[in-house]
Structures are given as C-alpha cells and as structure tokens.
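Here is final10.pdb, consisting of PDB, C-alpha atoms, pLDDT in the B column:
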ATOM      1  CA  MET A   1      -7.611  22.537  -4.958  1.00 70.00           C
ATOM      2  CA  SER A   2      -6.402  20.522  -7.954  1.00 89.00           C
ATOM      3  CA  GLU A   3      -8.740  18.590 -10.233  1.00 92.00           C
ATOM      4  CA  LEU A   4      -6.979  15.349  -9.271  1.00 93.00           C
ATOM      5  CA  TYR A   5      -7.641  15.894  -5.583  1.00 95.00           C
ATOM      6  CA  ASN A   6     -11.206  16.962  -6.318  1.00 95.00           C
ATOM      7  CA  LYS A   7     -11.773  13.543  -7.923  1.00 96.00           C
ATOM      8  CA  THR A   8     -10.257  11.868  -4.854  1.00 96.00           C
ATOM      9  CA  LEU A   9     -12.737  13.705  -2.630  1.00 96.00           C
ATOM     10  CA  GLN A  10     -15.626  12.787  -4.938  1.00 96.00           C
ATOM     11  CA  ARG A  11     -14.670   9.132  -4.557  1.00 96.00           C
ATOM     12  CA  LEU A  12     -14.536   9.580  -0.782  1.00 96.00           C
ATOM     13  CA  VAL A  13     -18.139  10.840  -0.819  1.00 96.00           C
ATOM     14  CA  LYS A  14     -19.189   7.990  -3.119  1.00 95.00           C
ATOM     15  CA  TYR A  15     -17.495   5.415  -0.901  1.00 94.00           C
ATOM     16  CA  ARG A  16     -19.149   6.897   2.193  1.00 95.00           C
ATOM     17  CA  HIS A  17     -22.530   6.505   0.538  1.00 96.00           C
ATOM     18  CA  ILE A  18     -21.717   2.897  -0.382  1.00 92.00           C
ATOM     19  CA  GLN A  19     -20.896   2.274   3.274  1.00 92.00           C
ATOM     20  CA  GLN A  20     -24.242   3.893   4.135  1.00 95.00           C
ATOM     21  CA  MET A  21     -22.587   6.384   6.447  1.00 96.00           C
ATOM     22  CA  THR A  22     -23.536  10.024   6.976  1.00 96.00           C
ATOM     23  CA  GLN A  23     -21.150  12.890   7.620  1.00 97.00           C
ATOM     24  CA  ILE A  24     -22.272  12.729  11.251  1.00 97.00           C
ATOM     25  CA  ASP A  25     -21.303   9.032  11.349  1.00 96.00           C
ATOM     26  CA  MET A  26     -17.886   9.835   9.884  1.00 96.00           C
ATOM     27  CA  GLY A  27     -17.354  12.689  12.333  1.00 96.00           C
ATOM     28  CA  ASN A  28     -18.217  10.445  15.268  1.00 96.00           C
ATOM     29  CA  TRP A  29     -15.853   7.778  13.937  1.00 95.00           C
ATOM     30  CA  PHE A  30     -12.984  10.241  13.622  1.00 95.00           C
ATOM     31  CA  GLY A  31     -13.786  12.024  16.867  1.00 95.00           C
ATOM     32  CA  ILE A  32     -14.561  15.350  15.178  1.00 96.00           C
ATOM     33  CA  THR A  33     -17.691  17.383  14.463  1.00 96.00           C
ATOM     34  CA  GLN A  34     -19.871  16.925  11.379  1.00 96.00           C
ATOM     35  CA  SER A  35     -18.926  20.465  10.343  1.00 97.00           C
ATOM     36  CA  HIS A  36     -15.217  19.651  10.550  1.00 97.00           C
ATOM     37  CA  TYR A  37     -15.677  16.478   8.517  1.00 96.00           C
ATOM     38  CA  SER A  38     -17.787  18.309   5.919  1.00 97.00           C
ATOM     39  CA  LYS A  39     -14.926  20.753   5.364  1.00 97.00           C
ATOM     40  CA  MET A  40     -12.627  17.772   4.758  1.00 96.00           C
ATOM     41  CA  GLU A  41     -14.886  16.464   1.997  1.00 96.00           C
ATOM     42  CA  LEU A  42     -15.002  19.945   0.485  1.00 96.00           C
ATOM     43  CA  GLY A  43     -11.195  20.165   0.493  1.00 94.00           C
ATOM     44  CA  ARG A  44     -11.086  23.089   2.917  1.00 95.00           C
ATOM     45  CA  ILE A  45      -9.297  21.073   5.599  1.00 94.00           C
ATOM     46  CA  GLU A  46      -6.678  18.389   4.955  1.00 94.00           C
ATOM     47  CA  ILE A  47      -7.481  14.735   5.619  1.00 95.00           C
ATOM     48  CA  PRO A  48      -4.579  13.583   7.807  1.00 94.00           C
ATOM     49  CA  TYR A  49      -2.697  10.317   7.634  1.00 92.00           C
ATOM     50  CA  LYS A  50      -4.121   9.091  10.951  1.00 92.00           C
ATOM     51  CA  PHE A  51      -7.650   9.215   9.507  1.00 93.00           C
ATOM     52  CA  LEU A  52      -6.524   7.169   6.486  1.00 92.00           C
ATOM     53  CA  CYS A  53      -5.133   4.564   8.875  1.00 90.00           C
ATOM     54  CA  LYS A  54      -8.501   4.523  10.619  1.00 92.00           C
ATOM     55  CA  LEU A  55     -10.282   3.982   7.290  1.00 91.00           C
ATOM     56  CA  TYR A  56      -7.909   1.169   6.431  1.00 87.00           C
ATOM     57  CA  ALA A  57      -8.439  -0.451   9.827  1.00 85.00           C
ATOM     58  CA  GLY A  58     -12.171  -0.284   9.058  1.00 88.00           C
ATOM     59  CA  ASN A  59     -11.567  -2.303   5.848  1.00 84.00           C
ATOM     60  CA  TRP A  60     -11.965   0.656   3.509  1.00 89.00           C
ATOM     61  CA  ASP A  61     -10.114   0.439   0.192  1.00 89.00           C
ATOM     62  CA  ILE A  62      -8.011   3.574   0.650  1.00 90.00           C
ATOM     63  CA  ASP A  63      -6.201   2.971  -2.658  1.00 91.00           C
ATOM     64  CA  TYR A  64      -9.528   3.347  -4.477  1.00 93.00           C
ATOM     65  CA  LEU A  65      -9.887   6.890  -3.135  1.00 94.00           C
ATOM     66  CA  VAL A  66      -6.719   7.912  -4.961  1.00 94.00           C
ATOM     67  CA  THR A  67      -6.605   5.560  -7.959  1.00 92.00           C
ATOM     68  CA  GLY A  68     -10.290   5.131  -8.789  1.00 91.00           C
ATOM     69  CA  ILE A  69      -9.690   1.379  -9.084  1.00 84.00           C
ATOM     70  CA  TYR A  70     -11.864  -0.591  -6.681  1.00 77.00           C
ATOM     71  CA  ASN A  71     -10.374  -3.893  -5.549  1.00 70.00           C
ATOM     72  CA  GLY A  72     -13.459  -4.952  -3.627  1.00 62.00           C
ATOM     73  CA  ALA A  73     -13.683  -7.012  -0.476  1.00 60.00           C
ATOM     74  CA  GLN A  74     -13.837 -10.433  -2.099  1.00 66.00           C
ATOM     75  CA  GLU A  75     -11.409 -13.177  -1.107  1.00 75.00           C
ATOM     76  CA  HIS A  76      -8.125 -12.989  -3.009  1.00 84.00           C
ATOM     77  CA  MET A  77      -6.313 -16.069  -4.251  1.00 87.00           C
ATOM     78  CA  LEU A  78      -3.396 -15.389  -1.883  1.00 90.00           C
ATOM     79  CA  ASP A  79      -5.483 -14.733   1.240  1.00 88.00           C
ATOM     80  CA  GLY A  80      -5.952 -18.362   2.250  1.00 90.00           C
ATOM     81  CA  LEU A  81      -2.302 -19.233   1.682  1.00 90.00           C
ATOM     82  CA  PHE A  82      -1.027 -16.376   3.825  1.00 89.00           C
ATOM     83  CA  ARG A  83      -3.606 -16.999   6.544  1.00 87.00           C
ATOM     84  CA  SER A  84      -2.249 -20.527   6.890  1.00 88.00           C
ATOM     85  CA  CYS A  85       1.320 -19.200   7.040  1.00 88.00           C
ATOM     86  CA  ARG A  86       2.963 -18.691  10.421  1.00 88.00           C
ATOM     87  CA  GLU A  87       3.423 -15.046  11.329  1.00 85.00           C
ATOM     88  CA  GLN A  88       7.213 -15.355  11.473  1.00 86.00           C
ATOM     89  CA  ASP A  89       7.282 -16.790   7.930  1.00 90.00           C
ATOM     90  CA  ARG A  90       5.075 -14.222   6.192  1.00 88.00           C
ATOM     91  CA  TYR A  91       7.799 -11.804   5.098  1.00 86.00           C
ATOM     92  CA  GLU A  92       9.828 -14.612   3.525  1.00 91.00           C
ATOM     93  CA  LEU A  93       6.741 -15.879   1.715  1.00 92.00           C
ATOM     94  CA  MET A  94       5.949 -12.371   0.453  1.00 91.00           C
ATOM     95  CA  LYS A  95       9.498 -12.084  -0.858  1.00 91.00           C
ATOM     96  CA  LEU A  96       9.072 -15.385  -2.704  1.00 92.00           C
ATOM     97  CA  ALA A  97       5.732 -14.256  -4.182  1.00 92.00           C
ATOM     98  CA  LEU A  98       7.291 -10.976  -5.318  1.00 90.00           C
ATOM     99  CA  TRP A  99      10.169 -12.890  -6.934  1.00 90.00           C
ATOM    100  CA  LEU A 100       7.663 -14.997  -8.872  1.00 90.00           C
ATOM    101  CA  ILE A 101       5.827 -11.862  -9.975  1.00 89.00           C
ATOM    102  CA  ASP A 102       9.104 -10.401 -11.249  1.00 86.00           C
ATOM    103  CA  GLN A 103       9.755 -13.512 -13.348  1.00 86.00           C
ATOM    104  CA  VAL A 104       6.409 -13.711 -15.115  1.00 83.00           C
ATOM    105  CA  ILE A 105       4.827 -10.256 -15.200  1.00 76.00           C
ATOM    106  CA  ASP A 106       4.352  -8.959 -18.724  1.00 62.00           C
ATOM    107  CA  ARG A 107       7.003  -6.262 -19.065  1.00 54.00           C
ATOM    108  CA  SER A 108       5.626  -5.213 -22.457  1.00 43.00           C
ATOM    109  CA  LYS A 109       2.686  -3.568 -20.654  1.00 51.00           C
ATOM    110  CA  ASP A 110       2.782  -0.490 -18.475  1.00 47.00           C
ATOM    111  CA  HIS A 111       1.151  -1.704 -15.275  1.00 49.00           C
ATOM    112  CA  THR A 112       2.342   1.404 -13.380  1.00 54.00           C
ATOM    113  CA  SER A 113       3.721  -1.247 -11.010  1.00 67.00           C
ATOM    114  CA  VAL A 114       7.430  -1.135 -11.825  1.00 76.00           C
ATOM    115  CA  LEU A 115       8.208   1.398  -9.108  1.00 78.00           C
ATOM    116  CA  GLU A 116       5.980  -0.350  -6.601  1.00 80.00           C
ATOM    117  CA  ARG A 117       7.782  -3.654  -7.200  1.00 83.00           C
ATOM    118  CA  ARG A 118      11.169  -2.040  -6.624  1.00 82.00           C
ATOM    119  CA  ILE A 119       9.994  -0.286  -3.471  1.00 81.00           C
ATOM    120  CA  LEU A 120       8.281  -3.407  -2.160  1.00 83.00           C
ATOM    121  CA  HIS A 121      11.547  -5.292  -2.631  1.00 83.00           C
ATOM    122  CA  MET A 122      13.321  -2.679  -0.510  1.00 80.00           C
ATOM    123  CA  LEU A 123      10.675  -2.799   2.217  1.00 78.00           C
ATOM    124  CA  LEU A 124      10.683  -6.596   2.390  1.00 81.00           C
ATOM    125  CA  GLU A 125      14.480  -6.748   2.547  1.00 78.00           C
ATOM    126  CA  GLY A 126      14.246  -4.999   5.898  1.00 67.00           C
ATOM    127  CA  GLY A 127      17.197  -2.667   5.449  1.00 54.00           C
ATOM    128  CA  PRO A 128      17.482   0.766   7.060  1.00 50.00           C
ATOM    129  CA  VAL A 129      14.734   2.944   5.542  1.00 52.00           C
ATOM    130  CA  SER A 130      13.785   6.367   6.870  1.00 61.00           C
ATOM    131  CA  SER A 131      10.463   6.507   5.026  1.00 82.00           C
ATOM    132  CA  VAL A 132       8.561   5.302   1.969  1.00 86.00           C
ATOM    133  CA  MET A 133       8.776   8.858   0.633  1.00 91.00           C
ATOM    134  CA  TYR A 134      12.565   8.546   0.693  1.00 89.00           C
ATOM    135  CA  LEU A 135      12.376   5.294  -1.293  1.00 87.00           C
ATOM    136  CA  ILE A 136      10.018   6.758  -3.879  1.00 89.00           C
ATOM    137  CA  ARG A 137      12.171   9.845  -4.387  1.00 91.00           C
ATOM    138  CA  ASN A 138      15.273   7.736  -4.928  1.00 88.00           C
ATOM    139  CA  VAL A 139      13.572   5.282  -7.275  1.00 85.00           C
ATOM    140  CA  ILE A 140      12.194   8.051  -9.507  1.00 89.00           C
ATOM    141  CA  ASP A 141      15.586   9.791  -9.220  1.00 91.00           C
ATOM    142  CA  PHE A 142      14.423  13.192  -7.959  1.00 94.00           C
ATOM    143  CA  SER A 143      16.427  15.518  -5.766  1.00 96.00           C
ATOM    144  CA  GLN A 144      14.844  16.687  -2.526  1.00 96.00           C
ATOM    145  CA  VAL A 145      14.345  20.109  -4.082  1.00 96.00           C
ATOM    146  CA  ILE A 146      12.445  18.759  -7.091  1.00 96.00           C
ATOM    147  CA  MET A 147      10.383  16.371  -4.954  1.00 96.00           C
ATOM    148  CA  ALA A 148       9.395  19.169  -2.593  1.00 96.00           C
ATOM    149  CA  GLU A 149       8.412  21.375  -5.534  1.00 96.00           C
ATOM    150  CA  ARG A 150       6.286  18.632  -7.116  1.00 95.00           C
ATOM    151  CA  LEU A 151       4.496  18.078  -3.809  1.00 94.00           C
ATOM    152  CA  GLY A 152       4.048  21.795  -3.231  1.00 94.00           C
ATOM    153  CA  LEU A 153       5.989  21.690   0.040  1.00 95.00           C
ATOM    154  CA  GLY A 154       8.713  23.824   1.520  1.00 96.00           C
ATOM    155  CA  MET A 155      12.078  22.145   1.992  1.00 96.00           C
ATOM    156  CA  LYS A 156      11.868  22.063   5.793  1.00 96.00           C
ATOM    157  CA  LYS A 157       8.460  20.389   5.744  1.00 96.00           C
ATOM    158  CA  TYR A 158       9.490  17.926   3.046  1.00 96.00           C
ATOM    159  CA  ARG A 159      12.682  16.915   4.867  1.00 96.00           C
ATOM    160  CA  ARG A 160      10.701  16.191   8.023  1.00 95.00           C
ATOM    161  CA  MET A 161       8.377  13.982   5.981  1.00 93.00           C
ATOM    162  CA  GLU A 162      11.247  12.133   4.324  1.00 92.00           C
ATOM    163  CA  LYS A 163      12.793  11.484   7.739  1.00 91.00           C
ATOM    164  CA  GLY A 164       9.492   9.939   8.835  1.00 87.00           C
ATOM    165  CA  ASP A 165       8.810  12.653  11.420  1.00 91.00           C
ATOM    166  CA  THR A 166       5.528  13.498   9.667  1.00 92.00           C
ATOM    167  CA  GLN A 167       3.235  11.586   7.315  1.00 91.00           C
ATOM    168  CA  PRO A 168       1.546  12.693   4.059  1.00 94.00           C
ATOM    169  CA  ASP A 169      -2.120  13.642   4.054  1.00 95.00           C
ATOM    170  CA  LEU A 170      -4.612  12.440   1.437  1.00 96.00           C
ATOM    171  CA  GLU A 171      -3.906  15.297  -0.975  1.00 96.00           C
ATOM    172  CA  LEU A 172      -0.170  14.595  -0.927  1.00 95.00           C
ATOM    173  CA  LEU A 173      -0.790  10.871  -1.437  1.00 95.00           C
ATOM    174  CA  THR A 174      -2.898  11.768  -4.475  1.00 96.00           C
ATOM    175  CA  ILE A 175       0.008  13.760  -5.924  1.00 95.00           C
ATOM    176  CA  VAL A 176       2.493  10.977  -5.133  1.00 93.00           C
ATOM    177  CA  TYR A 177       0.336   8.410  -6.944  1.00 92.00           C
ATOM    178  CA  HIS A 178       0.036  10.494 -10.105  1.00 91.00           C
ATOM    179  CA  LEU A 179       3.746  11.296  -9.907  1.00 90.00           C
ATOM    180  CA  SER A 180       5.021   7.747  -9.416  1.00 88.00           C
ATOM    181  CA  GLY A 181       2.171   5.214  -9.633  1.00 86.00           C
ATOM    182  CA  CYS A 182       2.733   4.292  -5.964  1.00 86.00           C
ATOM    183  CA  ARG A 183      -0.480   3.802  -3.993  1.00 87.00           C
ATOM    184  CA  PRO A 184      -1.321   4.875  -0.424  1.00 90.00           C
ATOM    185  CA  SER A 185      -1.071   1.287   0.887  1.00 86.00           C
ATOM    186  CA  LEU A 186       2.710   1.544   0.584  1.00 84.00           C
ATOM    187  CA  PHE A 187       2.671   4.256   3.257  1.00 85.00           C
ATOM    188  CA  LEU A 188       0.832   2.211   5.862  1.00 78.00           C
ATOM    189  CA  GLY A 189       4.161   1.039   7.235  1.00 65.00           C
ATOM    190  CA  SER A 190       2.864  -2.407   7.999  1.00 66.00           C
ATOM    191  CA  GLU A 191       2.885  -5.965   6.760  1.00 74.00           C
ATOM    192  CA  GLU A 192      -0.782  -5.546   5.836  1.00 74.00           C
ATOM    193  CA  GLY A 193      -0.003  -2.599   3.582  1.00 75.00           C
ATOM    194  CA  ALA A 194       2.734  -4.528   1.805  1.00 81.00           C
ATOM    195  CA  PHE A 195       0.355  -7.460   1.366  1.00 84.00           C
ATOM    196  CA  VAL A 196      -2.294  -5.218  -0.232  1.00 80.00           C
ATOM    197  CA  ILE A 197       0.248  -4.081  -2.834  1.00 81.00           C
ATOM    198  CA  LEU A 198       1.512  -7.636  -3.345  1.00 88.00           C
ATOM    199  CA  LYS A 199      -1.993  -8.896  -4.124  1.00 86.00           C
ATOM    200  CA  SER A 200      -2.551  -6.075  -6.597  1.00 82.00           C
ATOM    201  CA  LEU A 201       0.744  -6.903  -8.354  1.00 85.00           C
ATOM    202  CA  TRP A 202      -0.234 -10.578  -8.421  1.00 88.00           C
ATOM    203  CA  ASN A 203      -3.372  -9.551 -10.321  1.00 83.00           C
ATOM    204  CA  CYS A 204      -1.132  -8.220 -13.119  1.00 81.00           C
ATOM    205  CA  ILE A 205      -0.336 -11.848 -13.970  1.00 85.00           C
ATOM    206  CA  ASP A 206      -2.566 -13.671 -16.431  1.00 84.00           C
ATOM    207  CA  LYS A 207      -5.400 -15.288 -14.456  1.00 84.00           C
ATOM    208  CA  ASP A 208      -4.784 -18.836 -15.719  1.00 86.00           C
ATOM    209  CA  PHE A 209      -1.072 -18.576 -14.982  1.00 87.00           C
ATOM    210  CA  GLN A 210      -1.819 -17.468 -11.403  1.00 89.00           C
ATOM    211  CA  TYR A 211      -3.256 -20.933 -10.719  1.00 89.00           C
ATOM    212  CA  HIS A 212      -0.106 -22.570 -12.100  1.00 90.00           C
ATOM    213  CA  LEU A 213       2.082 -20.461  -9.794  1.00 90.00           C
ATOM    214  CA  LEU A 214       0.090 -21.090  -6.640  1.00 91.00           C
ATOM    215  CA  PRO A 215       1.524 -24.606  -6.036  1.00 92.00           C
ATOM    216  CA  PHE A 216       5.052 -23.142  -6.175  1.00 91.00           C
ATOM    217  CA  LEU A 217       4.109 -20.705  -3.409  1.00 91.00           C
ATOM    218  CA  GLU A 218       2.543 -23.494  -1.354  1.00 92.00           C
ATOM    219  CA  PHE A 219       5.706 -25.561  -1.722  1.00 93.00           C
ATOM    220  CA  GLY A 220       7.789 -22.493  -0.872  1.00 92.00           C
ATOM    221  CA  ARG A 221       5.790 -21.953   2.308  1.00 91.00           C
ATOM    222  CA  THR A 222       6.636 -25.489   3.413  1.00 92.00           C
ATOM    223  CA  ILE A 223      10.347 -24.996   2.697  1.00 92.00           C
ATOM    224  CA  ILE A 224      10.381 -21.657   4.553  1.00 91.00           C
ATOM    225  CA  GLU A 225       8.734 -23.259   7.591  1.00 88.00           C
ATOM    226  CA  ILE A 226      11.258 -26.117   7.601  1.00 90.00           C
ATOM    227  CA  GLU A 227      14.213 -23.749   7.200  1.00 87.00           C
ATOM    228  CA  ASN A 228      13.050 -21.451   9.996  1.00 81.00           C
ATOM    229  CA  GLU A 229      12.362 -24.373  12.338  1.00 82.00           C
ATOM    230  CA  SER A 230      15.824 -25.713  11.588  1.00 76.00           C
ATOM    231  CA  SER A 231      17.395 -22.313  12.314  1.00 69.00           C
ATOM    232  CA  ASN A 232      15.505 -22.035  15.593  1.00 63.00           C
ATOM    233  CA  SER A 233      16.666 -25.525  16.591  1.00 61.00           C
ATOM    234  CA  ARG A 234      20.296 -24.611  15.908  1.00 57.00           C
ATOM    235  CA  CYS A 235      19.941 -21.486  18.046  1.00 54.00           C
ATOM    236  CA  VAL A 236      18.545 -23.554  20.917  1.00 46.00           C
ATOM    237  CA  ASP A 237      21.411 -26.065  20.603  1.00 54.00           C
ATOM    238  CA  VAL A 238      23.995 -23.279  20.738  1.00 49.00           C
ATOM    239  CA  LYS A 239      22.448 -21.920  23.934  1.00 52.00           C
TER     240      LYS A 239
END
Write-out of the structure in structure tokens:
Amino acid sequence: MSELYNKTLQRLVKYRHIQQMTQIDMGNWFGITQSHYSKMELGRIEIPYKFLCKLYAGNWDIDYLVTGIYNGAQEHMLDGLFRSCREQDRYELMKLALWLIDQVIDRSKDHTSVLERRILHMLLEGGPVSSVMYLIRNVIDFSQVIMAERLGLGMKKYRRMEKGDTQPDLELLTIVYHLSGCRPSLFLGSEEGAFVILKSLWNCIDKDFQYHLLPFLEFGRTIIEIENESSNSRCVDVK
C-alpha cells in the first residue's frame, strides 16, 4: 500500500470518528460485516466505487478523503441560486458560472484546477463521453499504456474502465488525484458531482469579487429561463 493511499485511509478513519460512527455502524450501512469493513480501513480490501457513492449520498465530503481539504457542510454562495433555478436550466447556468470562472480566475497561481475546468467544460457540453477517465487521460495527454502503468493496472482492466464498464475504487481515485489534480467528485457521473467541483472552482476567485459576480449569474439565470421558455413555446407552436 502506498503512503498516499495510507493517508487517504487515515482520513477515512478520522472522518468516521467525526461522524461518530463505529466500524459496526459502517458495516451495517454498507451491508457488510464489521470484519470486512475493518479490512477496508486497513487497506487489505479495496473500497469500491459503489461505497463512495453511498458516502456521497450520505453527505460525506468524499473529496476530503483523497485531497485532505475539507470543504465542510456550510451553505455555499451558489447553493441558494441553484436551488431557485429550474431543473431544466441548471446545466446552462453551470456553464455560465464556469465561463465566468474562466474569465476571472488568477492564472498566475497553480490552483490544480486547470484540468478540472477543462474536463468540466467537456462534461457540461454534453458530447459523447465514454468515461471521465477517458477525458482525464486525453487532457493530460497520456497514452492508454502510460495511463495503465501509472494506475498500476493491466491494459485489459484499464480499457474496461475507460469504456465505463467498470469504475475506479478509492485507491485508484487517490492516484488519479495526485496524477492530475482531478477530484473524486468528477467521477460521480451526476449533476451533483459537477456542482461540487464548480463550487470549489468558484472558491478560487477572490472572495470580494465573488459577490460582484453573483448578480451576473442571477441575471443569467433569468435570461436562461426566458430563452428556454421561448424555445418550448416555439416547439408547441410547431406541433
């Protein structure tokens, strides 16, 4: 077991204690025995993707486990705005927010967010994507052979993962983060995962400037709603 993954597991134990949960509680939650869960924390058994999804659904900060950066559960500046946004308008509003981030983020600093911004753009554009792993490999310009070697996987297993047939476990997500700066939330394959990353990127902007940008997003939400309602009306007229 690598030192990086050992630190990830140490944070898992710490987080479990913060949540005031025992290994028995975790085992019951995951539907496994306490002994099985204990071996996960010790690194003897892999922690599968489906368990990470369960943690995320339980409002755990799964990015903290890998990055060591705790975002906390406090209300984010963007939460209220996106809650008030209609579900069908959320992707367009996220694209607008990401565009604003691109315009103002301080490029003189290494936020380890450059790759995440590029990948988030691809995900929000909605084009044909086999997997997030595929996007990451192409953005960091690795061949499949090199990517498989860096992840410690055989080619057959890696290709299945890149096709989206399998998902990375916690140890692989730890390697991916330290390889590319891309956090586990990107792999959730959901709007919620993209929103987690978006909020983190928003935090890279100077705090005072965030408040100046918020009205632009609020205005953009209104325009997006009007445009989508207009498009829906035209579709109804055509029918």
Exercise. Kindly extract all protein, DNA and RNA residues lying within 9 Å of the coordinates (2.2, -6.2, -1.6) given in the file, considering all atoms listed in the file, and supply them as a PyMOL selection string.
Key: chain A and resi 94+98+116-117+120+185-186+191-202
Expected file: the selected residues, C-alpha atoms, as a short mmCIF file (atom, residue, chain, number, x, y, z; two decimals), keeping the file's coordinate frame:
data_model
loop_
_atom_site.label_atom_id
_atom_site.label_comp_id
_atom_site.auth_asym_id
_atom_site.auth_seq_id
_atom_site.Cartn_x
_atom_site.Cartn_y
_atom_site.Cartn_z
CA MET A 94 5.95 -12.37 0.45
CA LEU A 98 7.29 -10.98 -5.32
CA GLU A 116 5.98 -0.35 -6.60
CA ARG A 117 7.78 -3.65 -7.20
CA LEU A 120 8.28 -3.41 -2.16
CA SER A 185 -1.07 1.29 0.89
CA LEU A 186 2.71 1.54 0.58
CA GLU A 191 2.88 -5.96 6.76
CA GLU A 192 -0.78 -5.55 5.84
CA GLY A 193 0.00 -2.60 3.58
CA ALA A 194 2.73 -4.53 1.80
CA PHE A 195 0.36 -7.46 1.37
CA VAL A 196 -2.29 -5.22 -0.23
CA ILE A 197 0.25 -4.08 -2.83
CA LEU A 198 1.51 -7.64 -3.34
CA LYS A 199 -1.99 -8.90 -4.12
CA SER A 200 -2.55 -6.08 -6.60
CA LEU A 201 0.74 -6.90 -8.35
CA TRP A 202 -0.23 -10.58 -8.42
#
Quiz prompt | Coordinates-based distance that separates CA of Leu179 (chain A) from CA of Met26 (chain A) (Å, one decimal) | solution = 29.4 Å
Quiz item: So how far away is CA of Met40 (chain A) from CA of Gln23 (chain A), in Å?
Solution: 10.2 Å
Quiz item: Looking at all atoms listed in the file, which of A:Lys7, A:Arg86, A:Arg159, A:His212 is the one that sits closest to Gly43 (chain A)?
Solution: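 When distances to Gly43 (chain A) are compared using all atoms listed in the file, the smallest one comes from A:Lys7.
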Evaluated on this file, the PyMOL selection byres ((chain A and resi 224) around 12) picks out some residues - which ones are they, written as a CSV table (one decimal) with C-alpha atoms, in the coordinates of the input?
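Contents of selection_8.csv, freshly written:
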chain,number,residue,atom,x,y,z
A,85,CYS,CA,1.3,-19.2,7.0
A,86,ARG,CA,3.0,-18.7,10.4
A,87,GLU,CA,3.4,-15.0,11.3
A,88,GLN,CA,7.2,-15.4,11.5
A,89,ASP,CA,7.3,-16.8,7.9
A,90,ARG,CA,5.1,-14.2,6.2
A,91,TYR,CA,7.8,-11.8,5.1
A,92,GLU,CA,9.8,-14.6,3.5
A,93,LEU,CA,6.7,-15.9,1.7
A,94,MET,CA,5.9,-12.4,0.5
A,95,LYS,CA,9.5,-12.1,-0.9
A,96,LEU,CA,9.1,-15.4,-2.7
A,217,LEU,CA,4.1,-20.7,-3.4
A,218,GLU,CA,2.5,-23.5,-1.4
A,219,PHE,CA,5.7,-25.6,-1.7
A,220,GLY,CA,7.8,-22.5,-0.9
A,221,ARG,CA,5.8,-22.0,2.3
A,222,THR,CA,6.6,-25.5,3.4
A,223,ILE,CA,10.3,-25.0,2.7
A,225,GLU,CA,8.7,-23.3,7.6
A,226,ILE,CA,11.3,-26.1,7.6
A,227,GLU,CA,14.2,-23.7,7.2
A,228,ASN,CA,13.0,-21.5,10.0
A,229,GLU,CA,12.4,-24.4,12.3
A,230,SER,CA,15.8,-25.7,11.6
A,231,SER,CA,17.4,-22.3,12.3
What residues come out when you apply the PyMOL selection byres ((chain A and resi 46-59) around 8) to this file, written as a tab-separated table (two decimals) with C-alpha atoms, keeping the file's coordinate frame?
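Heads up, here's the output in out.tsv:
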chain	number	residue	atom	x	y	z
A	30	PHE	CA	-12.98	10.24	13.62
A	40	MET	CA	-12.63	17.77	4.76
A	43	GLY	CA	-11.20	20.16	0.49
A	44	ARG	CA	-11.09	23.09	2.92
A	45	ILE	CA	-9.30	21.07	5.60
A	60	TRP	CA	-11.96	0.66	3.51
A	61	ASP	CA	-10.11	0.44	0.19
A	62	ILE	CA	-8.01	3.57	0.65
A	167	GLN	CA	3.24	11.59	7.32
A	168	PRO	CA	1.55	12.69	4.06
A	169	ASP	CA	-2.12	13.64	4.05
A	170	LEU	CA	-4.61	12.44	1.44
A	171	GLU	CA	-3.91	15.30	-0.98
A	188	LEU	CA	0.83	2.21	5.86
Self-check item: Hits of the PyMOL selection byres ((chain A and resi 175) around 10) in this structure, as number ranges by chain
Solution: A: 2, 4-5, 66, 150-152, 170-174, 176-182
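Straight-line separation from CA of Met21 (chain A) to CA of Thr166 (chain A): 29.2 Å.
When all atoms listed in the file are used to compute distances to Leu213 (chain A), the closest of the residues A:Pro184, A:Gln103, A:Tyr15, A:Arg160 turns out to be A:Gln103.
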Quiz prompt | Pick from A:Lys207, A:Tyr64, A:His36, A:Pro215 nearest to Val104 (chain A), counting all atoms listed in the file | solution =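 Checking each of A:Lys207, A:Tyr64, A:His36, A:Pro215 against Val104 (chain A), counting all atoms listed in the file, the winner is A:Lys207.
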Give me the box for region 79-96 of chain A as AutoDock Vina command-line options, namely the centre and edge lengths in Å to one decimal of a box along x, y and z that holds every listed atom plus 3 Å on each side.
--center_x 1.9 --center_y -16.2 --center_z 4.4 --size_x 21.8 --size_y 14.7 --size_z 20.2
Which residues come within 10 Å of Glu162 (chain A), counting only C-alpha atoms, excluding same-chain residues fewer than 5 positions away, as a PDB file with C-alpha atoms, in the frame of the given file?
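Done, and the output landed in around05.pdb:
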ATOM      1  CA  VAL A 129      14.734   2.944   5.542  1.00 52.00           C
ATOM      2  CA  SER A 130      13.785   6.367   6.870  1.00 61.00           C
ATOM      3  CA  SER A 131      10.463   6.507   5.026  1.00 82.00           C
ATOM      4  CA  VAL A 132       8.561   5.302   1.969  1.00 86.00           C
ATOM      5  CA  MET A 133       8.776   8.858   0.633  1.00 91.00           C
ATOM      6  CA  TYR A 134      12.565   8.546   0.693  1.00 89.00           C
ATOM      7  CA  LEU A 135      12.376   5.294  -1.293  1.00 87.00           C
ATOM      8  CA  ILE A 136      10.018   6.758  -3.879  1.00 89.00           C
ATOM      9  CA  ARG A 137      12.171   9.845  -4.387  1.00 91.00           C
ATOM     10  CA  GLN A 144      14.844  16.687  -2.526  1.00 96.00           C
ATOM     11  CA  LYS A 157       8.460  20.389   5.744  1.00 96.00           C
ATOM     12  CA  GLN A 167       3.235  11.586   7.315  1.00 91.00           C
ATOM     13  CA  PRO A 168       1.546  12.693   4.059  1.00 94.00           C
TER      14      PRO A 168
END
Exercise. Identify which of the residues A:Gly154, A:Glu3, A:Lys39, A:Arg183 lies closest to Ile69 (chain A), counting all atoms listed in the file when measuring atom-to-atom distances.
Key: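 Using all atoms listed in the file, Ile69 (chain A) sits closest to A:Arg183.
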